[in-house]
$ cat query.cif   # mmCIF, C-alpha atoms and all ligand atoms
data_protein
#
loop_
_atom_site.group_PDB
_atom_site.id
_atom_site.type_symbol
_atom_site.label_atom_id
_atom_site.label_comp_id
_atom_site.auth_asym_id
_atom_site.auth_seq_id
_atom_site.Cartn_x
_atom_site.Cartn_y
_atom_site.Cartn_z
ATOM 1 C CA MET A 121 86.336 77.975 63.635
ATOM 2 C CA HIS A 122 87.905 81.193 64.679
ATOM 3 C CA SER A 123 86.110 81.734 67.910
ATOM 4 C CA ALA A 124 85.208 85.361 68.441
ATOM 5 C CA ARG A 125 84.435 84.364 71.982
ATOM 6 C CA ARG A 126 87.904 83.048 72.512
ATOM 7 C CA LEU A 127 89.432 86.283 71.307
ATOM 8 C CA GLU A 128 87.126 88.157 73.598
ATOM 9 C CA TYR A 129 88.272 86.183 76.627
ATOM 10 C CA LEU A 130 91.914 86.428 75.759
ATOM 11 C CA GLN A 131 91.555 90.134 75.269
ATOM 12 C CA ALA A 132 89.606 90.413 78.495
ATOM 13 C CA ILE A 133 92.656 89.325 80.429
ATOM 14 C CA GLY A 134 94.826 91.523 78.316
ATOM 15 C CA ILE A 135 96.400 88.988 76.011
ATOM 16 C CA ASP A 136 96.801 90.755 72.742
ATOM 17 C CA VAL A 137 95.751 88.460 70.012
ATOM 18 C CA TRP A 138 97.235 89.264 66.706
ATOM 19 C CA VAL A 139 94.901 88.393 63.908
ATOM 20 C CA PRO A 140 96.600 88.998 60.571
ATOM 21 C CA ARG A 141 94.394 90.194 57.802
ATOM 22 C CA PRO A 142 95.154 87.895 54.929
ATOM 23 C CA GLY A 143 97.382 89.288 52.273
ATOM 24 C CA THR A 144 98.484 92.477 53.975
ATOM 25 C CA ALA A 145 102.173 92.784 54.470
ATOM 26 C CA ALA A 146 101.465 95.325 57.155
ATOM 27 C CA ALA A 147 99.687 92.664 59.113
ATOM 28 C CA ALA A 148 102.777 90.521 59.186
ATOM 29 C CA LEU A 149 104.845 93.353 60.550
ATOM 30 C CA MET A 150 102.296 94.880 62.807
ATOM 31 C CA PRO A 151 103.469 94.711 66.389
ATOM 32 C CA ALA A 152 100.920 93.719 68.935
ATOM 33 C CA SER A 153 99.841 96.654 71.002
ATOM 34 C CA ASN A 154 101.027 96.966 74.588
ATOM 35 C CA ALA A 155 104.512 95.834 73.659
ATOM 36 C CA LEU A 156 103.465 92.222 73.880
ATOM 37 C CA PRO A 157 104.854 89.876 71.312
ATOM 38 C CA ALA A 158 102.255 88.517 68.950
ATOM 39 C CA VAL A 159 100.764 85.637 70.796
ATOM 40 C CA GLU A 160 99.199 82.769 69.078
ATOM 41 C CA PRO A 161 96.096 81.974 71.051
ATOM 42 C CA PRO A 162 96.658 79.116 73.431
ATOM 43 C CA ALA A 163 95.360 75.840 72.141
ATOM 44 C CA VAL A 164 92.086 75.465 73.934
ATOM 45 C CA GLU A 165 89.549 72.744 73.714
ATOM 46 C CA PRO A 166 86.728 74.412 71.831
ATOM 47 C CA SER A 167 84.116 72.988 74.169
ATOM 48 C CA VAL A 168 85.789 74.679 77.102
ATOM 49 C CA VAL A 169 86.100 77.989 75.353
ATOM 50 C CA ALA A 170 82.614 78.074 74.056
ATOM 51 C CA THR A 171 80.875 77.514 77.335
ATOM 52 C CA PRO A 172 81.356 80.205 79.981
ATOM 53 C CA ALA A 173 77.847 81.321 79.331
ATOM 54 C CA PRO A 174 76.536 84.552 80.800
ATOM 55 C CA GLU A 175 73.990 82.517 82.682
ATOM 56 C CA ALA A 176 76.797 80.512 84.257
ATOM 57 C CA PRO A 177 75.583 80.464 87.857
ATOM 58 C CA ALA A 178 76.678 76.865 87.742
ATOM 59 C CA ILE A 179 79.205 78.685 89.863
ATOM 60 C CA ALA A 180 76.763 80.395 92.160
ATOM 61 C CA THR A 181 74.893 79.138 95.155
ATOM 62 C CA PRO A 182 75.637 75.805 96.711
ATOM 63 C CA VAL A 183 72.543 73.856 97.564
ATOM 64 C CA GLY A 184 74.230 71.991 100.390
ATOM 65 C CA ALA A 185 73.585 73.836 103.625
ATOM 66 C CA ALA A 186 70.207 73.499 105.290
ATOM 67 C CA PRO A 187 68.506 76.860 105.956
ATOM 68 C CA ALA A 188 68.990 76.731 109.715
ATOM 69 C CA GLU A 189 72.643 75.959 109.348
ATOM 70 C CA SER A 190 73.219 78.681 106.799
ATOM 71 C CA GLU A 191 71.434 81.269 108.972
ATOM 72 C CA GLU A 192 73.664 80.324 111.825
ATOM 73 C CA LEU A 193 76.734 80.745 109.657
ATOM 74 C CA GLU A 194 75.399 84.033 108.350
ATOM 75 C CA GLU A 195 75.188 85.383 111.890
ATOM 76 C CA GLN A 196 78.850 84.673 112.459
ATOM 77 C CA TRP A 197 80.056 86.940 109.697
ATOM 78 C CA GLU A 198 79.333 90.278 111.348
ATOM 79 C CA PRO A 199 81.164 89.593 114.619
ATOM 80 C CA LEU A 200 84.145 88.353 112.627
ATOM 81 C CA ARG A 201 84.093 91.448 110.465
ATOM 82 C CA ALA A 202 83.895 93.695 113.520
ATOM 83 C CA GLU A 203 86.780 91.858 115.108
ATOM 84 C CA VAL A 204 88.961 92.344 112.049
ATOM 85 C CA LEU A 205 88.098 96.014 111.714
ATOM 86 C CA GLY A 206 88.990 96.617 115.356
ATOM 87 C CA CYS A 207 92.000 94.312 115.427
ATOM 88 C CA THR A 208 95.267 95.384 117.030
ATOM 89 C CA LYS A 209 97.017 92.000 116.966
ATOM 90 C CA CYS A 210 99.943 93.223 114.929
ATOM 91 C CA SER A 211 101.652 96.550 114.408
ATOM 92 C CA LEU A 212 100.001 97.144 111.035
ATOM 93 C CA HIS A 213 97.000 98.496 112.900
ATOM 94 C CA THR A 214 99.021 101.611 113.696
ATOM 95 C CA THR A 215 99.573 102.530 110.045
ATOM 96 C CA ARG A 216 96.359 101.368 108.367
ATOM 97 C CA THR A 217 93.517 103.687 107.440
ATOM 98 C CA GLN A 218 91.138 100.795 107.966
ATOM 99 C CA GLY A 219 91.114 97.039 107.907
ATOM 100 C CA VAL A 220 90.026 95.319 104.698
ATOM 101 C CA PHE A 221 87.864 92.373 105.632
ATOM 102 C CA GLY A 222 86.968 90.896 102.278
ATOM 103 C CA VAL A 223 84.082 91.215 99.884
ATOM 104 C CA GLY A 224 81.718 89.120 97.845
ATOM 105 C CA ASN A 225 79.209 86.361 97.930
ATOM 106 C CA ARG A 226 79.087 84.607 101.271
ATOM 107 C CA ARG A 227 77.867 81.516 99.488
ATOM 108 C CA ALA A 228 80.571 81.638 96.899
ATOM 109 C CA ASP A 229 82.082 78.477 95.517
ATOM 110 C CA TRP A 230 85.287 80.340 94.688
ATOM 111 C CA LEU A 231 87.480 82.138 97.185
ATOM 112 C CA VAL A 232 90.196 84.349 95.750
ATOM 113 C CA ILE A 233 93.017 85.132 98.164
ATOM 114 C CA GLY A 234 95.524 87.896 97.592
ATOM 115 C CA GLU A 235 98.383 89.240 99.622
ATOM 116 C CA ALA A 236 97.384 92.382 101.470
ATOM 117 C CA PRO A 237 95.556 95.649 100.848
ATOM 118 C CA GLY A 238 97.370 98.299 98.840
ATOM 119 C CA ALA A 239 96.870 102.052 99.014
ATOM 120 C CA GLU A 240 93.461 102.098 97.282
ATOM 121 C CA GLU A 241 92.182 99.166 99.281
ATOM 122 C CA ASP A 242 93.327 100.783 102.518
ATOM 123 C CA GLN A 243 91.406 103.923 101.527
ATOM 124 C CA GLN A 244 88.237 102.190 100.341
ATOM 125 C CA GLY A 245 88.113 99.249 102.741
ATOM 126 C CA GLU A 246 87.642 96.740 99.942
ATOM 127 C CA PRO A 247 90.136 94.285 98.467
ATOM 128 C CA PHE A 248 91.345 94.534 94.880
ATOM 129 C CA VAL A 249 89.829 97.864 93.905
ATOM 130 C CA GLY A 250 92.955 99.410 92.341
ATOM 131 C CA ARG A 251 94.528 98.658 88.976
ATOM 132 C CA ALA A 252 95.405 95.126 89.991
ATOM 133 C CA GLY A 253 91.796 94.706 91.027
ATOM 134 C CA GLN A 254 90.570 95.736 87.596
ATOM 135 C CA LEU A 255 92.778 93.093 86.062
ATOM 136 C CA LEU A 256 91.635 90.529 88.610
ATOM 137 C CA ASN A 257 88.037 91.255 87.601
ATOM 138 C CA GLN A 258 88.972 90.680 83.973
ATOM 139 C CA MET A 259 90.768 87.455 84.817
ATOM 140 C CA LEU A 260 87.682 86.195 86.619
ATOM 141 C CA ARG A 261 85.442 87.254 83.792
ATOM 142 C CA ALA A 262 87.639 85.366 81.357
ATOM 143 C CA ILE A 263 86.491 82.138 83.004
ATOM 144 C CA GLY A 264 82.888 83.222 83.312
ATOM 145 C CA LEU A 265 82.979 84.501 86.893
ATOM 146 C CA GLN A 266 81.604 87.823 88.035
ATOM 147 C CA ARG A 267 83.478 89.573 90.803
ATOM 148 C CA GLU A 268 80.231 89.583 92.791
ATOM 149 C CA SER A 269 79.800 85.822 92.547
ATOM 150 C CA VAL A 270 83.094 84.963 94.250
ATOM 151 C CA PHE A 271 84.522 85.974 97.616
ATOM 152 C CA ILE A 272 87.739 87.972 97.666
ATOM 153 C CA ALA A 273 90.041 88.316 100.658
ATOM 154 C CA ASN A 274 93.679 88.753 101.511
ATOM 155 C CA VAL A 275 96.160 86.981 103.742
ATOM 156 C CA LEU A 276 96.667 90.271 105.612
ATOM 157 C CA LYS A 277 93.734 92.487 106.407
ATOM 158 C CA CYS A 278 95.776 95.662 106.891
ATOM 159 C CA ARG A 279 98.085 97.422 104.481
ATOM 160 C CA PRO A 280 101.816 97.067 105.076
ATOM 161 C CA PRO A 281 103.504 100.479 104.842
ATOM 162 C CA ASN A 282 104.693 101.189 101.296
ATOM 163 C CA ASN A 283 103.255 97.823 100.259
ATOM 164 C CA ARG A 284 106.251 96.000 101.654
ATOM 165 C CA ASP A 285 106.044 92.224 101.924
ATOM 166 C CA PRO A 286 104.129 90.873 104.908
ATOM 167 C CA LYS A 287 106.288 89.834 107.833
ATOM 168 C CA PRO A 288 105.974 86.337 109.270
ATOM 169 C CA ASP A 289 104.616 87.611 112.600
ATOM 170 C CA GLU A 290 101.955 89.646 110.781
ATOM 171 C CA VAL A 291 100.896 86.627 108.742
ATOM 172 C CA ALA A 292 100.795 84.507 111.887
ATOM 173 C CA ALA A 293 98.658 87.089 113.682
ATOM 174 C CA CYS A 294 96.240 87.533 110.796
ATOM 175 C CA MET A 295 95.879 84.019 109.403
ATOM 176 C CA PRO A 296 93.264 82.932 111.979
ATOM 177 C CA TYR A 297 90.851 85.477 110.455
ATOM 178 C CA LEU A 298 91.265 83.947 107.034
ATOM 179 C CA MET A 299 90.799 80.476 108.509
ATOM 180 C CA ARG A 300 87.532 81.607 110.088
ATOM 181 C CA GLN A 301 86.411 83.143 106.815
ATOM 182 C CA ILE A 302 87.111 79.845 105.091
ATOM 183 C CA ALA A 303 85.241 77.910 107.776
ATOM 184 C CA LEU A 304 82.196 80.137 107.215
ATOM 185 C CA LEU A 305 82.388 80.158 103.439
ATOM 186 C CA ARG A 306 83.364 76.572 102.829
ATOM 187 C CA PRO A 307 84.445 77.405 99.304
ATOM 188 C CA ARG A 308 84.833 74.618 96.795
ATOM 189 C CA LEU A 309 87.993 76.097 95.370
ATOM 190 C CA ILE A 310 90.599 78.579 96.527
ATOM 191 C CA LEU A 311 92.492 80.598 93.945
ATOM 192 C CA ALA A 312 95.657 81.970 95.515
ATOM 193 C CA VAL A 313 96.958 84.913 93.535
ATOM 194 C CA GLY A 314 100.632 85.673 93.733
ATOM 195 C CA ARG A 315 103.707 84.236 95.348
ATOM 196 C CA ILE A 316 103.093 85.725 98.780
ATOM 197 C CA ALA A 317 99.588 84.343 99.120
ATOM 198 C CA ALA A 318 100.571 80.976 97.679
ATOM 199 C CA GLN A 319 103.661 80.506 99.818
ATOM 200 C CA ASN A 320 101.970 81.593 103.010
ATOM 201 C CA LEU A 321 98.867 79.503 102.458
ATOM 202 C CA LEU A 322 100.881 76.435 101.532
ATOM 203 C CA ALA A 323 103.600 77.080 104.118
ATOM 204 C CA THR A 324 106.334 76.622 101.571
ATOM 205 C CA ASP A 325 109.084 78.602 99.915
ATOM 206 C CA VAL A 326 108.778 76.764 96.628
ATOM 207 C CA SER A 327 108.589 79.207 93.719
ATOM 208 C CA LEU A 328 105.282 80.243 92.234
ATOM 209 C CA ALA A 329 106.385 78.795 88.909
ATOM 210 C CA ARG A 330 106.611 75.374 90.540
ATOM 211 C CA LEU A 331 103.386 75.719 92.521
ATOM 212 C CA ARG A 332 101.307 76.431 89.405
ATOM 213 C CA GLY A 333 99.463 73.733 87.526
ATOM 214 C CA GLN A 334 98.714 71.530 90.522
ATOM 215 C CA VAL A 335 95.805 71.106 92.850
ATOM 216 C CA HIS A 336 97.025 71.733 96.388
ATOM 217 C CA THR A 337 94.796 71.596 99.435
ATOM 218 C CA PHE A 338 94.318 74.022 102.252
ATOM 219 C CA GLY A 339 93.257 73.758 105.861
ATOM 220 C CA GLU A 340 91.137 71.351 107.831
ATOM 221 C CA LEU A 341 88.569 71.051 105.087
ATOM 222 C CA ASN A 342 91.265 70.138 102.567
ATOM 223 C CA THR A 343 89.890 72.779 100.267
ATOM 224 C CA PRO A 344 91.393 72.435 96.784
ATOM 225 C CA LEU A 345 93.760 75.318 96.142
ATOM 226 C CA ILE A 346 95.169 76.482 92.824
ATOM 227 C CA VAL A 347 97.850 79.071 92.359
ATOM 228 C CA THR A 348 98.316 81.747 89.742
ATOM 229 C CA TYR A 349 100.155 84.995 89.183
ATOM 230 C CA HIS A 350 99.199 88.155 90.994
ATOM 231 C CA PRO A 351 97.497 90.686 88.718
ATOM 232 C CA ALA A 352 99.911 93.398 89.906
ATOM 233 C CA TYR A 353 102.761 91.185 88.724
ATOM 234 C CA LEU A 354 100.983 90.649 85.413
ATOM 235 C CA LEU A 355 100.676 94.403 84.967
ATOM 236 C CA ARG A 356 104.449 94.596 85.241
ATOM 237 C CA THR A 357 105.096 91.410 83.277
ATOM 238 C CA PRO A 358 102.377 91.146 80.638
ATOM 239 C CA ALA A 359 104.187 88.347 78.820
ATOM 240 C CA ASP A 360 103.133 86.042 81.668
ATOM 241 C CA LYS A 361 99.432 86.760 81.154
ATOM 242 C CA ARG A 362 99.345 83.808 78.879
ATOM 243 C CA LYS A 363 100.477 81.521 81.679
ATOM 244 C CA ALA A 364 97.877 83.063 83.960
ATOM 245 C CA TRP A 365 95.251 82.260 81.363
ATOM 246 C CA GLU A 366 96.423 78.635 81.408
ATOM 247 C CA ASP A 367 96.096 78.633 85.202
ATOM 248 C CA LEU A 368 92.597 80.061 85.039
ATOM 249 C CA LYS A 369 91.465 77.463 82.538
ATOM 250 C CA PHE A 370 93.018 74.790 84.741
ATOM 251 C CA ALA A 371 91.131 76.154 87.754
ATOM 252 C CA ARG A 372 87.881 76.200 85.817
ATOM 253 C CA THR A 373 88.366 72.620 84.676
ATOM 254 C CA VAL A 374 89.181 71.466 88.204
ATOM 255 C CA PHE A 375 86.171 73.329 89.569
ATOM 256 C CA ARG A 376 83.850 71.733 87.063
ATOM 257 C CA ARG A 377 85.209 68.322 87.866
ATOM 258 C CA LEU A 378 84.721 68.898 91.590
ATOM 259 C CA ALA A 379 81.245 70.328 91.140
ATOM 260 C CA SER A 380 80.140 67.366 89.036
ATOM 261 C CA GLN A 381 81.511 64.937 91.618
ATOM 262 C CA GLU A 382 80.023 66.599 94.655
ATOM 263 C CA SER A 383 76.569 67.636 93.631
HETATM 264 N N1 LIG A 401 96.870 93.277 96.040
HETATM 265 C C1 LIG A 401 96.436 92.313 96.879
HETATM 266 O O1 LIG A 401 97.087 91.281 97.049
HETATM 267 N N2 LIG A 401 95.286 92.493 97.504
HETATM 268 C C2 LIG A 401 94.533 93.580 97.330
HETATM 269 O O2 LIG A 401 93.482 93.663 97.935
HETATM 270 C C3 LIG A 401 95.000 94.576 96.447
HETATM 271 C C4 LIG A 401 96.162 94.402 95.819
HETATM 272 FE FE1 LIG A 402 95.013 92.482 112.968
HETATM 273 FE FE2 LIG A 402 95.574 91.334 110.646
HETATM 274 FE FE3 LIG A 402 95.386 93.965 110.792
HETATM 275 FE FE4 LIG A 402 97.454 92.756 111.927
HETATM 276 S S1 LIG A 402 96.973 92.812 109.728
HETATM 277 S S2 LIG A 402 96.204 94.367 112.850
HETATM 278 S S3 LIG A 402 96.502 90.841 112.642
HETATM 279 S S4 LIG A 402 93.723 92.498 111.121
#

$ encode --input "query.cif" --output "structure tokens" --more "lines below"
Ligand code: URA
Ligand code: SF4
Amino acid sequence: MHSARRLEYLQAIGIDVWVPRPGTAAAALMPASNALPAVEPPAVEPSVVATPAPEAPAIATPVGAAPAESEELEEQWEPLRAEVLGCTKCSLHTTRTQGVFGVGNRRADWLVIGEAPGAEEDQQGEPFVGRAGQLLNQMLRAIGLQRESVFIANVLKCRPPNNRDPKPDEVAACMPYLMRQIALLRPRLILAVGRIAAQNLLATDVSLARLRGQVHTFGELNTPLIVTYHPAYLLRTPADKRKAWEDLKFARTVFRRLASQES
């Protein structure tokens, strides 16, 4: 079966799928748009491809926390947010327009962690709202996740000038906020996007290429953590979108396995 769905998902994350029309020589020569080489769709287990149903809130609300407990947790979000927005713990506070706390479902199973706000995020106060954010949304959608159903945050809450790499002292100053966010969220899975997030979260300088394709763990809760490429990198290097798609499918498979074990 040529799954229309599969094509849709591949296209959603920007993988150009070249479908030759039988018998046309033009088809054989036709370059894929976007200067991507013609990509044969990754071999995917049909069952996996067919499923990310629109009604997939298999990935929505955990049933775990008792109401009292969850109310208590809920009350801790606002003080944390206020603390971040007023934070002066590192010098980035002098150049930011505003802090970018994070956004999404506070009962999310998935936590996506990026590097730091860029120009648009600094202006709007929300993570991943620029071009990279659009691609991130498409990447999530490709595995059946709505942006609104996950939680999205960054390692750094304030924009480094000219989007330079975070400095170790900035990461050290800011990381406790992320740890507190994770303690409140208790996500089932962390998706670290990009080398900077991955290396800082895993306290390693191993390359992203070598960190992919494994389930790492993060923090006191040993939250499973999976690594993939940063959407901004994928915008510059579209040939690696295919590898990102493999990572996303891997993350989805791991999530499903965890969810079926735990609930
Ligand atoms: N890149 C990131 O890592 N985070 C954002 O919020 C935006 C771009
Ligand atoms: Fe505070 Fe983090 Fe912003 Fe630095 S980057 S000022 S530690 S919130």

$ atom_distance --input "query.cif" --atom1 "atom N1 of ligand LIG 401 (chain A)" --atom2 "atom CA of A:Gly222"
11.9 Å

$ closest_residue --input "query.cif" --among "A:Ala293, A:Val220, A:Val374, A:Leu304" --to "ligand LIG 401 (chain A)" --atoms "only C-alpha atoms and all ligand atoms"
A:Val220

$ resolve_selection --input "query.cif" --expression "the PyMOL selection byres (((not hetatm)) within 9 of (chain A and resi 402))" --output "PyMOL selection string"
chain A and resi 203-214+216+218-221+236+275-280+286+289-297

$ write_last_selection --input "query.cif" --atoms "C-alpha atoms" --output "compact mmCIF listing (two decimals), in the coordinates of the input"
# COMPACT_ATOMS: atom_id res chain seq x y z
CA GLU A 203 86.78 91.86 115.11
CA VAL A 204 88.96 92.34 112.05
CA LEU A 205 88.10 96.01 111.71
CA GLY A 206 88.99 96.62 115.36
CA CYS A 207 92.00 94.31 115.43
CA THR A 208 95.27 95.38 117.03
CA LYS A 209 97.02 92.00 116.97
CA CYS A 210 99.94 93.22 114.93
CA SER A 211 101.65 96.55 114.41
CA LEU A 212 100.00 97.14 111.04
CA HIS A 213 97.00 98.50 112.90
CA THR A 214 99.02 101.61 113.70
CA ARG A 216 96.36 101.37 108.37
CA GLN A 218 91.14 100.80 107.97
CA GLY A 219 91.11 97.04 107.91
CA VAL A 220 90.03 95.32 104.70
CA PHE A 221 87.86 92.37 105.63
CA ALA A 236 97.38 92.38 101.47
CA VAL A 275 96.16 86.98 103.74
CA LEU A 276 96.67 90.27 105.61
CA LYS A 277 93.73 92.49 106.41
CA CYS A 278 95.78 95.66 106.89
CA ARG A 279 98.08 97.42 104.48
CA PRO A 280 101.82 97.07 105.08
CA PRO A 286 104.13 90.87 104.91
CA ASP A 289 104.62 87.61 112.60
CA GLU A 290 101.96 89.65 110.78
CA VAL A 291 100.90 86.63 108.74
CA ALA A 292 100.80 84.51 111.89
CA ALA A 293 98.66 87.09 113.68
CA CYS A 294 96.24 87.53 110.80
CA MET A 295 95.88 84.02 109.40
CA PRO A 296 93.26 82.93 111.98
CA TYR A 297 90.85 85.48 110.46

$ residues_near_ligand --input "query.cif" --ligand "ligand LIG 401 (chain A)" --cutoff "10 Å" --atoms "only C-alpha atoms and all ligand atoms" --output "ChimeraX atom specification"
/A:220-223,232-242,245-254,256,272-279,283,312-317,350-353

$ atom_distance --input "query.cif" --atom1 "atom CA of A:Glu268" --atom2 "atom CA of A:Gly224"
5.3 Å

$ closest_residue --input "query.cif" --among "A:Pro288, A:Arg306, A:Leu368, A:Leu355" --to "A:Ala323" --atoms "all atoms listed in the file"
A:Pro288

$ residues_near_point --input "query.cif" --point "(79.7, 85.2, 100.9)" --cutoff "12 Å" --atoms "only C-alpha atoms" --output "JSON, numbers by chain"
{"A": [180, 181, 182, 190, 193, 194, 195, 196, 197, 198, 221, 222, 223, 224, 225, 226, 227, 228, 229, 230, 231, 232, 267, 268, 269, 270, 271, 272, 273, 301, 302, 303, 304, 305, 306, 307]}
